[in-house]
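Student: I'd like to ask some things about the structure below.
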Amino acid sequence: KAGVTQTPRYLIKTRGQQVTLSCSPISGHRSVSWYQQTPGQGLQFLFEYFSETQRNKGNFPGRFSGRQFSNSRSEMNVSTLELGDSALYLCASSFGGPYNEQFFGPGTRLTVL
Amino acid sequence: GEDVEQSLFLSVREGDSSVINCTYTDSSSTYLYWYKQEPGAGLQLLTYIFSNMDMKQDQRLTVLLNKKDKHLSLRIADTQTGDSAIYFCAERRDDKIIFGKGTRLHILP
């Protein structure tokens with residue numbers, strides 16, 4: 001079956017702009033989690049959506065938001081971009097149970113100039 | 001501490017065993033994971049271990065868990081060039097998966 005897909009794969013924006021990233025989970029998966037990966041901070045959890053509701057949230061400012069649609073596809077939005085938002089943004093999907101394996105997408109590489 | 005700790009780099013000769021170590025934070029963590037990330041790719045779950053286990057073996061991979069010391073290790077036997085990647089240790093804590101910063105495994109010819 002098809003894996004987790006993320007679009008776009010690469011994105012270049014300037015400070016102050018906003019950006020929307022998209023994640024399509026594996027068919028049948030209802031949970032989508034988002035992570036930010038940077039060389040300095042490693043992988044940090046942003047939030048998780050399950051059945052269109054945010055179920056869990058990490059320690060990121062309100063500029064980072066997300067949503068999930070009825071088909072489980074999820075979008076992540078970052079407003080008022082800062083240079084420090086440059087990172088690889090990974091999404092992962094699972095069936096949603098507490099111990100279900102997460103499957104990761106290839107990520108979206110965001111560069112903020 | 002708050003963080004999952006692991007060393008950043010490891011160099012191993014091809015054919016030798018690689019051992020990647022990790023210290024996690026929450027003694028009540030029920031699941032501990034090892035993920036692999038190859039260049040330009042997302043994370044791939046390699047293996048996981050329940051907290052009530054001491055060891056798990058899966059082909060060339062052996063995971064050892066010392067709950068008392070909150071120490072987790074991943075041993076890769078007969079390391080190959082295809083094992084070159086970043087390896088992340090992670091624990092399930094408060095319904096979230098908390099990752100270490102990753103160990104970059106470099107294979108020497």
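Naming works like this for the structure tokens: A, B, ... for the chains as they're shown, residue 1 at the start of each chain, ligands 1 onward in shown order.
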Leaving out A:Phe69 and any residue of its chain fewer than 5 positions from it, which residues lie within 8 Å of it when counting only C-alpha atoms, given as a VMD selection string?

Tutor: chain A and resid 51 to 52 74

Student: Any idea what's packed within 6 Å of stretch 94-107 of chain B, counting only C-alpha atoms, ignoring anything in its chain fewer than 2 positions away? Could you give it as an mmCIF file with C-alpha atoms, in the first residue's frame?

Tutor:
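File written: around_22.cif
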data_model
loop_
_atom_site.group_PDB
_atom_site.id
_atom_site.type_symbol
_atom_site.label_atom_id
_atom_site.label_comp_id
_atom_site.auth_asym_id
_atom_site.auth_seq_id
_atom_site.Cartn_x
_atom_site.Cartn_y
_atom_site.Cartn_z
ATOM 1 C CA GLY A 42 16.653 17.187 16.837
ATOM 2 C CA VAL B 4 16.612 11.388 25.647
ATOM 3 C CA GLU B 5 20.392 11.316 25.380
ATOM 4 C CA SER B 7 26.013 10.197 21.439
ATOM 5 C CA LEU B 8 26.076 12.068 18.152
ATOM 6 C CA PHE B 9 28.583 10.034 16.155
ATOM 7 C CA LEU B 10 29.854 6.493 15.863
ATOM 8 C CA SER B 11 32.391 5.092 13.396
ATOM 9 C CA VAL B 12 32.589 1.350 12.844
ATOM 10 C CA ARG B 13 34.518 -0.830 10.407
ATOM 11 C CA GLU B 14 32.497 -2.800 7.906
ATOM 12 C CA THR B 81 27.621 0.039 4.238
ATOM 13 C CA SER B 84 25.100 4.070 7.320
ATOM 14 C CA ALA B 85 22.358 6.363 8.639
ATOM 15 C CA ILE B 86 21.212 8.318 11.670
ATOM 16 C CA TYR B 87 19.732 6.170 14.431
ATOM 17 C CA PHE B 88 17.194 7.657 16.816
ATOM 18 C CA CYS B 89 16.304 6.327 20.217
ATOM 19 C CA ALA B 90 12.796 7.253 21.390
ATOM 20 C CA GLU B 91 10.505 6.668 24.327
ATOM 21 C CA ARG B 92 6.743 6.861 24.649
#

Student: My list of candidates is B:Ile20, B:Leu74, B:Leu61, B:Leu43. Which is closest to chain A when distances are computed with only C-alpha atoms?

Tutor: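 With only C-alpha atoms as the atom set, the closest residue is B:Leu43.
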
Student: Of the candidates A:Val19, A:Leu43, A:Val112, A:Val78, which one gets nearest to chain B if we count only C-alpha atoms?

Tutor: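 Among A:Val19, A:Leu43, A:Val112, A:Val78, it is A:Leu43 that comes nearest to chain B.
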
Student: Set the distance at 9 Å and use only C-alpha atoms: which residues neighbour B:Asp54 once local chain neighbours fewer than 5 positions away are removed? I'd like the list as a PyMOL selection string.

Tutor: chain B and resi 49+63-67

Student: Against chain B, which residues of chain A fall within 9 Å? For each one I want the closest pair of atoms and the distance in Å (one decimal), counting only C-alpha atoms, rows by chain and increasing residue number, as a Markdown table.

Tutor:
| residue | atom | partner | partner_atom | distance |
| --- | --- | --- | --- | --- |
| A:Pro39 | CA | B:Lys101 | CA | 8.1 |
| A:Gly40 | CA | B:Lys101 | CA | 8.3 |
| A:Gln41 | CA | B:Lys101 | CA | 7.0 |
| A:Gly42 | CA | B:Lys101 | CA | 4.5 |
| A:Leu43 | CA | B:Phe99 | CA | 6.0 |
| A:Gln44 | CA | B:Phe99 | CA | 7.3 |
| A:Phe45 | CA | B:Ile98 | CA | 7.4 |
| A:Glu48 | CA | B:Lys96 | CA | 8.8 |
| A:Asn56 | CA | B:Lys96 | CA | 7.7 |
| A:Lys57 | CA | B:Lys96 | CA | 8.8 |
| A:Gly58 | CA | B:Lys96 | CA | 8.7 |
| A:Leu90 | CA | B:Gly42 | CA | 6.9 |
| A:Cys91 | CA | B:Gly42 | CA | 8.6 |
| A:Ala92 | CA | B:Leu43 | CA | 8.9 |
| A:Pro98 | CA | B:Asp95 | CA | 6.7 |
| A:Tyr99 | CA | B:Tyr31 | CA | 7.8 |
| A:Glu101 | CA | B:Leu45 | CA | 7.8 |
| A:Gln102 | CA | B:Leu45 | CA | 7.8 |
| A:Phe103 | CA | B:Gln44 | CA | 7.0 |
| A:Phe104 | CA | B:Gly42 | CA | 5.5 |
| A:Gly105 | CA | B:Gly42 | CA | 5.3 |
| A:Pro106 | CA | B:Gly42 | CA | 4.1 |
| A:Gly107 | CA | B:Gly42 | CA | 6.0 |

Student: Just write the chosen residues, N, CA and C atoms, as a PDB file, in the first residue's frame.

Tutor:
ATOM      1  N   PRO A  39      19.014  20.440  13.067  1.00  0.00           N
ATOM      2  CA  PRO A  39      20.282  19.892  13.559  1.00  0.00           C
ATOM      3  C   PRO A  39      20.500  20.175  15.043  1.00  0.00           C
ATOM      4  N   GLY A  40      20.071  21.333  15.506  1.00  0.00           N
ATOM      5  CA  GLY A  40      20.336  21.709  16.882  1.00  0.00           C
ATOM      6  C   GLY A  40      19.404  21.074  17.894  1.00  0.00           C
ATOM      7  N   GLN A  41      18.133  21.021  17.572  1.00  0.00           N
ATOM      8  CA  GLN A  41      17.112  20.546  18.512  1.00  0.00           C
ATOM      9  C   GLN A  41      16.669  19.109  18.266  1.00  0.00           C
ATOM     10  N   GLY A  42      17.090  18.544  17.143  1.00  0.00           N
ATOM     11  CA  GLY A  42      16.653  17.187  16.837  1.00  0.00           C
ATOM     12  C   GLY A  42      15.190  17.162  16.420  1.00  0.00           C
ATOM     13  N   LEU A  43      14.531  16.075  16.757  1.00  0.00           N
ATOM     14  CA  LEU A  43      13.120  15.888  16.385  1.00  0.00           C
ATOM     15  C   LEU A  43      12.242  16.357  17.530  1.00  0.00           C
ATOM     16  N   GLN A  44      11.379  17.302  17.241  1.00  0.00           N
ATOM     17  CA  GLN A  44      10.480  17.796  18.283  1.00  0.00           C
ATOM     18  C   GLN A  44       9.042  17.644  17.830  1.00  0.00           C
ATOM     19  N   PHE A  45       8.212  17.165  18.745  1.00  0.00           N
ATOM     20  CA  PHE A  45       6.808  16.921  18.478  1.00  0.00           C
ATOM     21  C   PHE A  45       6.035  18.228  18.413  1.00  0.00           C
ATOM     22  N   GLU A  48      -0.559  16.261  17.276  1.00  0.00           N
ATOM     23  CA  GLU A  48      -1.165  15.072  16.709  1.00  0.00           C
ATOM     24  C   GLU A  48      -2.651  15.327  16.496  1.00  0.00           C
ATOM     25  N   ASN A  56      -3.103  15.996  20.863  1.00  0.00           N
ATOM     26  CA  ASN A  56      -1.890  16.192  21.634  1.00  0.00           C
ATOM     27  C   ASN A  56      -1.121  17.363  21.056  1.00  0.00           C
ATOM     28  N   LYS A  57      -0.388  18.061  21.895  1.00  0.00           N
ATOM     29  CA  LYS A  57       0.301  19.247  21.411  1.00  0.00           C
ATOM     30  C   LYS A  57       1.651  19.371  22.090  1.00  0.00           C
ATOM     31  N   GLY A  58       2.664  19.754  21.325  1.00  0.00           N
ATOM     32  CA  GLY A  58       3.994  20.000  21.872  1.00  0.00           C
ATOM     33  C   GLY A  58       4.136  21.448  22.298  1.00  0.00           C
ATOM     34  N   LEU A  90       8.337  16.667   9.391  1.00  0.00           N
ATOM     35  CA  LEU A  90       7.951  15.284   9.148  1.00  0.00           C
ATOM     36  C   LEU A  90       6.548  15.038   9.663  1.00  0.00           C
ATOM     37  N   CYS A  91       5.797  14.287   8.908  1.00  0.00           N
ATOM     38  CA  CYS A  91       4.529  13.832   9.444  1.00  0.00           C
ATOM     39  C   CYS A  91       4.559  12.312   9.521  1.00  0.00           C
ATOM     40  N   ALA A  92       3.789  11.787  10.435  1.00  0.00           N
ATOM     41  CA  ALA A  92       3.722  10.350  10.654  1.00  0.00           C
ATOM     42  C   ALA A  92       2.265   9.959  10.855  1.00  0.00           C
ATOM     43  N   PRO A  98      -2.761   3.800  21.181  1.00  0.00           N
ATOM     44  CA  PRO A  98      -1.586   4.333  21.885  1.00  0.00           C
ATOM     45  C   PRO A  98      -0.274   3.652  21.522  1.00  0.00           C
ATOM     46  N   TYR A  99      -0.314   2.431  21.066  1.00  0.00           N
ATOM     47  CA  TYR A  99       0.944   1.745  20.780  1.00  0.00           C
ATOM     48  C   TYR A  99       1.058   1.316  19.323  1.00  0.00           C
ATOM     49  N   GLU A 101       2.238   1.486  15.577  1.00  0.00           N
ATOM     50  CA  GLU A 101       3.452   1.982  14.935  1.00  0.00           C
ATOM     51  C   GLU A 101       3.140   3.208  14.094  1.00  0.00           C
ATOM     52  N   GLN A 102       4.034   4.206  14.171  1.00  0.00           N
ATOM     53  CA  GLN A 102       3.939   5.388  13.325  1.00  0.00           C
ATOM     54  C   GLN A 102       4.767   5.176  12.068  1.00  0.00           C
ATOM     55  N   PHE A 103       4.215   5.545  10.948  1.00  0.00           N
ATOM     56  CA  PHE A 103       4.921   5.484   9.671  1.00  0.00           C
ATOM     57  C   PHE A 103       5.182   6.917   9.218  1.00  0.00           C
ATOM     58  N   PHE A 104       6.434   7.186   8.925  1.00  0.00           N
ATOM     59  CA  PHE A 104       6.828   8.556   8.599  1.00  0.00           C
ATOM     60  C   PHE A 104       6.853   8.807   7.103  1.00  0.00           C
ATOM     61  N   GLY A 105       6.511  10.029   6.742  1.00  0.00           N
ATOM     62  CA  GLY A 105       6.690  10.486   5.378  1.00  0.00           C
ATOM     63  C   GLY A 105       8.119  10.972   5.173  1.00  0.00           C
ATOM     64  N   PRO A 106       8.472  11.358   3.933  1.00  0.00           N
ATOM     65  CA  PRO A 106       9.840  11.785   3.634  1.00  0.00           C
ATOM     66  C   PRO A 106      10.150  13.191   4.126  1.00  0.00           C
ATOM     67  N   GLY A 107       9.116  13.955   4.481  1.00  0.00           N
ATOM     68  CA  GLY A 107       9.336  15.288   5.018  1.00  0.00           C
ATOM     69  C   GLY A 107       9.244  16.389   3.980  1.00  0.00           C
TER      70      GLY A 107
END

Student: Just to confirm, what's the straight-line distance from atom CA of A:Asp85 to atom CA of A:Thr108 in Å (one decimal)?

Tutor: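 According to the coordinates, atom CA of A:Asp85 and atom CA of A:Thr108 are separated by 12.2 Å.
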
Student: Could you please write out, as a compact mmCIF listing (two decimals) with N, CA and C atoms, in the first residue's frame, every residue of stretch 8-100 of chain A that DSSP assigns to strand (DSSP E or B)?

Tutor:
# COMPACT_ATOMS: atom_id res chain seq x y z
N TYR A 10 10.08 20.43 -1.00
CA TYR A 10 10.98 21.54 -0.70
C TYR A 10 10.22 22.85 -0.84
N LEU A 11 10.60 23.80 0.00
CA LEU A 11 9.90 25.08 0.02
C LEU A 11 10.87 26.15 0.48
N ILE A 12 10.87 27.27 -0.22
CA ILE A 12 11.67 28.42 0.20
C ILE A 12 10.73 29.60 0.41
N LYS A 13 10.81 30.19 1.58
CA LYS A 13 9.97 31.34 1.92
C LYS A 13 10.85 32.42 2.53
N VAL A 19 3.15 29.65 5.54
CA VAL A 19 3.32 28.47 4.72
C VAL A 19 2.35 27.38 5.18
N THR A 20 1.89 26.59 4.23
CA THR A 20 1.03 25.45 4.53
C THR A 20 1.65 24.19 3.96
N LEU A 21 1.81 23.20 4.80
CA LEU A 21 2.36 21.91 4.40
C LEU A 21 1.26 20.86 4.47
N SER A 22 1.35 19.88 3.60
CA SER A 22 0.29 18.88 3.52
C SER A 22 0.84 17.48 3.76
N CYS A 23 0.02 16.65 4.37
CA CYS A 23 0.39 15.27 4.66
C CYS A 23 -0.80 14.35 4.36
N SER A 24 -0.55 13.35 3.54
CA SER A 24 -1.58 12.34 3.28
C SER A 24 -1.17 11.04 3.94
N SER A 31 -4.69 8.75 12.59
CA SER A 31 -3.86 9.66 13.38
C SER A 31 -2.73 10.21 12.52
N VAL A 32 -2.52 11.51 12.62
CA VAL A 32 -1.39 12.14 11.94
C VAL A 32 -0.67 13.00 12.97
N SER A 33 0.63 12.78 13.07
CA SER A 33 1.47 13.58 13.97
C SER A 33 2.47 14.37 13.15
N TRP A 34 2.81 15.53 13.62
CA TRP A 34 3.79 16.40 12.94
C TRP A 34 4.99 16.61 13.87
N TYR A 35 6.17 16.60 13.24
CA TYR A 35 7.43 16.81 13.96
C TYR A 35 8.27 17.83 13.20
N GLN A 36 9.06 18.58 13.96
CA GLN A 36 10.05 19.48 13.37
C GLN A 36 11.43 18.91 13.65
N GLN A 37 12.25 18.80 12.61
CA GLN A 37 13.61 18.27 12.78
C GLN A 37 14.62 19.32 12.39
N THR A 38 15.48 19.70 13.33
CA THR A 38 16.58 20.63 13.08
C THR A 38 17.86 20.04 13.63
N GLY A 42 17.09 18.54 17.14
CA GLY A 42 16.65 17.19 16.84
C GLY A 42 15.19 17.16 16.42
N LEU A 43 14.53 16.08 16.76
CA LEU A 43 13.12 15.89 16.39
C LEU A 43 12.24 16.36 17.53
N GLN A 44 11.38 17.30 17.24
CA GLN A 44 10.48 17.80 18.28
C GLN A 44 9.04 17.64 17.83
N PHE A 45 8.21 17.16 18.75
CA PHE A 45 6.81 16.92 18.48
C PHE A 45 6.04 18.23 18.41
N LEU A 46 5.28 18.38 17.34
CA LEU A 46 4.46 19.59 17.18
C LEU A 46 3.04 19.35 17.68
N PHE A 47 2.34 18.44 17.02
CA PHE A 47 0.98 18.09 17.43
C PHE A 47 0.53 16.80 16.74
N GLU A 48 -0.56 16.26 17.28
CA GLU A 48 -1.17 15.07 16.71
C GLU A 48 -2.65 15.33 16.50
N TYR A 49 -3.14 14.87 15.36
CA TYR A 49 -4.56 14.93 15.07
C TYR A 49 -5.12 13.53 14.91
N PHE A 50 -6.31 13.36 15.44
CA PHE A 50 -7.01 12.08 15.33
C PHE A 50 -8.48 12.38 15.08
N THR A 53 -9.56 16.01 15.21
CA THR A 53 -9.40 16.75 16.47
C THR A 53 -7.95 16.70 16.91
N GLN A 54 -7.47 17.83 17.41
CA GLN A 54 -6.11 17.83 17.95
C GLN A 54 -6.11 17.08 19.27
N ARG A 55 -5.31 16.03 19.32
CA ARG A 55 -5.33 15.17 20.50
C ARG A 55 -4.15 15.43 21.43
N ASN A 56 -3.10 16.00 20.86
CA ASN A 56 -1.89 16.19 21.63
C ASN A 56 -1.12 17.36 21.06
N LYS A 57 -0.39 18.06 21.89
CA LYS A 57 0.30 19.25 21.41
C LYS A 57 1.65 19.37 22.09
N PHE A 64 2.29 28.09 14.95
CA PHE A 64 2.21 26.75 14.37
C PHE A 64 0.82 26.19 14.64
N SER A 65 0.14 25.86 13.60
CA SER A 65 -1.21 25.31 13.76
C SER A 65 -1.42 24.20 12.75
N GLY A 66 -2.48 23.46 12.95
CA GLY A 66 -2.74 22.37 12.02
C GLY A 66 -4.22 22.08 11.96
N ARG A 67 -4.56 21.20 11.08
CA ARG A 67 -5.93 20.70 11.01
C ARG A 67 -5.93 19.37 10.29
N GLN A 68 -7.02 18.66 10.47
CA GLN A 68 -7.17 17.37 9.80
C GLN A 68 -8.55 17.33 9.18
N SER A 74 -3.92 15.81 6.51
CA SER A 74 -3.67 16.88 7.47
C SER A 74 -2.83 17.98 6.84
N GLU A 75 -3.04 19.18 7.31
CA GLU A 75 -2.23 20.33 6.91
C GLU A 75 -1.64 20.97 8.14
N MET A 76 -0.46 21.52 7.96
CA MET A 76 0.19 22.26 9.02
C MET A 76 0.48 23.66 8.48
N ASN A 77 0.21 24.66 9.28
CA ASN A 77 0.41 26.04 8.86
C ASN A 77 1.37 26.73 9.82
N VAL A 78 2.29 27.49 9.25
CA VAL A 78 3.16 28.32 10.07
C VAL A 78 3.00 29.75 9.59
N ALA A 87 13.64 24.10 8.72
CA ALA A 87 13.72 22.75 9.28
C ALA A 87 13.14 21.75 8.30
N LEU A 88 13.30 20.49 8.65
CA LEU A 88 12.60 19.41 7.96
C LEU A 88 11.35 19.11 8.78
N TYR A 89 10.20 19.19 8.15
CA TYR A 89 8.94 18.92 8.84
C TYR A 89 8.45 17.54 8.41
N LEU A 90 8.34 16.67 9.39
CA LEU A 90 7.95 15.28 9.15
C LEU A 90 6.55 15.04 9.66
N CYS A 91 5.80 14.29 8.91
CA CYS A 91 4.53 13.83 9.44
C CYS A 91 4.56 12.31 9.52
N ALA A 92 3.79 11.79 10.43
CA ALA A 92 3.72 10.35 10.65
C ALA A 92 2.27 9.96 10.86
N SER A 93 1.89 8.82 10.31
CA SER A 93 0.51 8.38 10.48
C SER A 93 0.48 7.03 11.17
N SER A 94 -0.65 6.77 11.83
CA SER A 94 -0.86 5.47 12.47
C SER A 94 -2.35 5.22 12.57
